[in-house]
$ cat input.txt   # compact mmCIF, C-alpha atoms and all ligand atoms
# COMPACT_ATOMS: atom_id res chain seq x y z
CA MET O 1 -10.58 15.72 4.31
CA THR O 2 -7.34 13.83 4.18
CA LYS O 3 -6.75 12.03 0.93
CA LEU O 4 -5.34 8.57 1.37
CA CYS O 5 -4.02 6.10 -1.14
CA HIS O 6 -6.85 3.71 -2.06
CA SER O 7 -4.39 0.87 -2.09
CA CYS O 8 -2.22 1.30 1.00
CA CYS O 9 -3.63 4.23 3.00
CA ALA O 10 -0.56 6.47 2.56
CA PRO O 11 -1.33 10.21 2.99
CA LEU O 12 -1.40 11.81 -0.45
CA GLU O 13 -0.81 15.34 0.88
CA ASN O 14 2.66 14.16 1.76
CA PRO O 15 5.04 14.80 -1.16
CA ASP O 16 6.92 11.65 -0.15
CA PHE O 17 3.88 9.64 -1.27
CA LYS O 18 2.18 11.81 -3.90
CA GLY O 19 2.81 10.70 -7.47
CA THR O 20 0.99 11.10 -10.75
CA SER O 21 -2.23 9.51 -9.52
CA ASP O 22 -4.90 11.33 -7.50
CA ILE O 23 -6.06 8.21 -5.69
CA TYR O 24 -2.92 6.11 -5.34
CA CYS O 25 0.47 6.91 -3.86
CA LYS O 26 3.57 6.68 -6.00
CA TYR O 27 4.54 3.36 -4.42
CA CYS O 28 1.34 1.66 -5.56
CA VAL O 29 1.49 2.63 -9.25
CA ASP O 30 3.95 1.98 -12.05
CA GLU O 31 5.58 4.71 -14.12
CA ASN O 32 2.40 5.03 -16.22
CA GLY O 33 0.18 5.64 -13.21
CA ASN O 34 -1.42 2.20 -13.29
CA LEU O 35 -2.06 0.32 -10.07
CA LYS O 36 0.63 -2.30 -9.53
CA PRO O 37 -0.28 -6.01 -9.34
CA GLN O 38 -1.77 -7.04 -6.02
CA LYS O 39 1.20 -9.22 -5.08
CA ASN O 40 3.64 -6.33 -5.57
CA VAL O 41 1.61 -4.04 -3.31
CA HIS O 42 1.09 -6.89 -0.83
CA TRP O 43 4.84 -7.41 -0.59
CA GLY O 44 5.49 -3.67 -0.27
CA ILE O 45 3.03 -3.30 2.59
CA ALA O 46 4.55 -6.34 4.32
CA GLN O 47 8.00 -4.74 4.13
CA TRP O 48 6.56 -1.51 5.51
CA LEU O 49 4.98 -3.39 8.43
CA LYS O 50 8.31 -5.06 9.14
CA SER O 51 10.04 -1.67 9.20
CA TRP O 52 8.07 -0.55 12.25
CA GLN O 53 7.35 -3.94 13.81
CA PRO O 54 10.86 -5.32 14.26
CA GLY O 55 11.09 -9.03 14.84
CA ILE O 56 8.13 -10.23 12.78
CA ASP O 57 8.97 -12.63 9.97
CA ASP O 58 7.94 -12.43 6.31
CA GLU O 59 5.09 -14.87 6.77
CA THR O 60 3.55 -12.87 9.63
CA ALA O 61 4.10 -9.59 7.81
CA LEU O 62 2.43 -10.91 4.65
CA GLU O 63 -0.53 -12.22 6.62
CA ARG O 64 -1.02 -8.87 8.37
CA ALA O 65 -0.59 -7.02 5.09
CA GLY O 66 -3.32 -9.22 3.61
CA HIS O 67 -5.75 -8.23 6.37
CA PHE O 68 -4.78 -4.59 5.97
CA MET O 69 -5.43 -4.69 2.21
CA LYS O 70 -8.94 -6.12 2.68
CA ALA O 71 -9.88 -2.73 4.15
CA MET O 72 -8.54 -0.81 1.15
CA PRO O 73 -10.93 0.26 -1.63
CA ALA O 74 -8.51 -0.91 -4.31
CA TRP O 75 -8.44 -4.48 -2.98
CA SER O 76 -11.57 -5.00 -0.89
CA ASP O 77 -13.39 -6.81 -3.70
CA LYS O 78 -10.44 -9.00 -4.64
ZN ZN D 101 -0.29 3.36 -1.88

$ encode --input "input.txt" --output "structure tokens" --more "lines below"
Ligand SMILES: [Zn+2]
Amino acid sequence: MTKLCHSCCAPLENPDFKGTSDIYCKYCVDENGNLKPQKNVHWGIAQWLKSWQPGIDDETALERAGHFMKAMPAWSDK
């Protein structure tokens, strides 16, 4: 079964994403392995969306990132 980051869905088998945590990718945790604040992850996902959806603005990207995060175990109860 593919392991995915509980915060942003990144594939943890990929060394580009695997960090110190077993359930979060390296982009979603700080240097101590703690999950980053929600707004930091929210912004990061928005930038990622913009990288493959050229032309959308920050507001749209943040809104879509918010919907995306509601499906993630780390944020679904927030
Ligand atoms: Zn992640």

$ residues_near_ligand --input "input.txt" --ligand "ligand ZN 101 (chain D)" --cutoff "8 Å" --atoms "all atoms listed in the file" --output "PyMOL selection string"
chain O and resi 4-10+17+24-29+41

$ closest_residue --input "input.txt" --among "O:Ile23, O:Thr60, O:Asp30, O:Lys18" --to "Pro73 of chain O" --atoms "only C-alpha atoms"
O:Ile23

$ residues_around --input "input.txt" --residues "Glu63 of chain O" --least-positions-apart "2" --cutoff "12 Å" --atoms "only C-alpha atoms" --output "list in words"
His42, Trp43, Ile45, Ala46, Gln47, Leu49, Lys50, Ile56, Asp57, Asp58, Glu59, Thr60, Ala61, Ala65, Gly66, His67, Phe68, Met69 and Lys70 of chain O
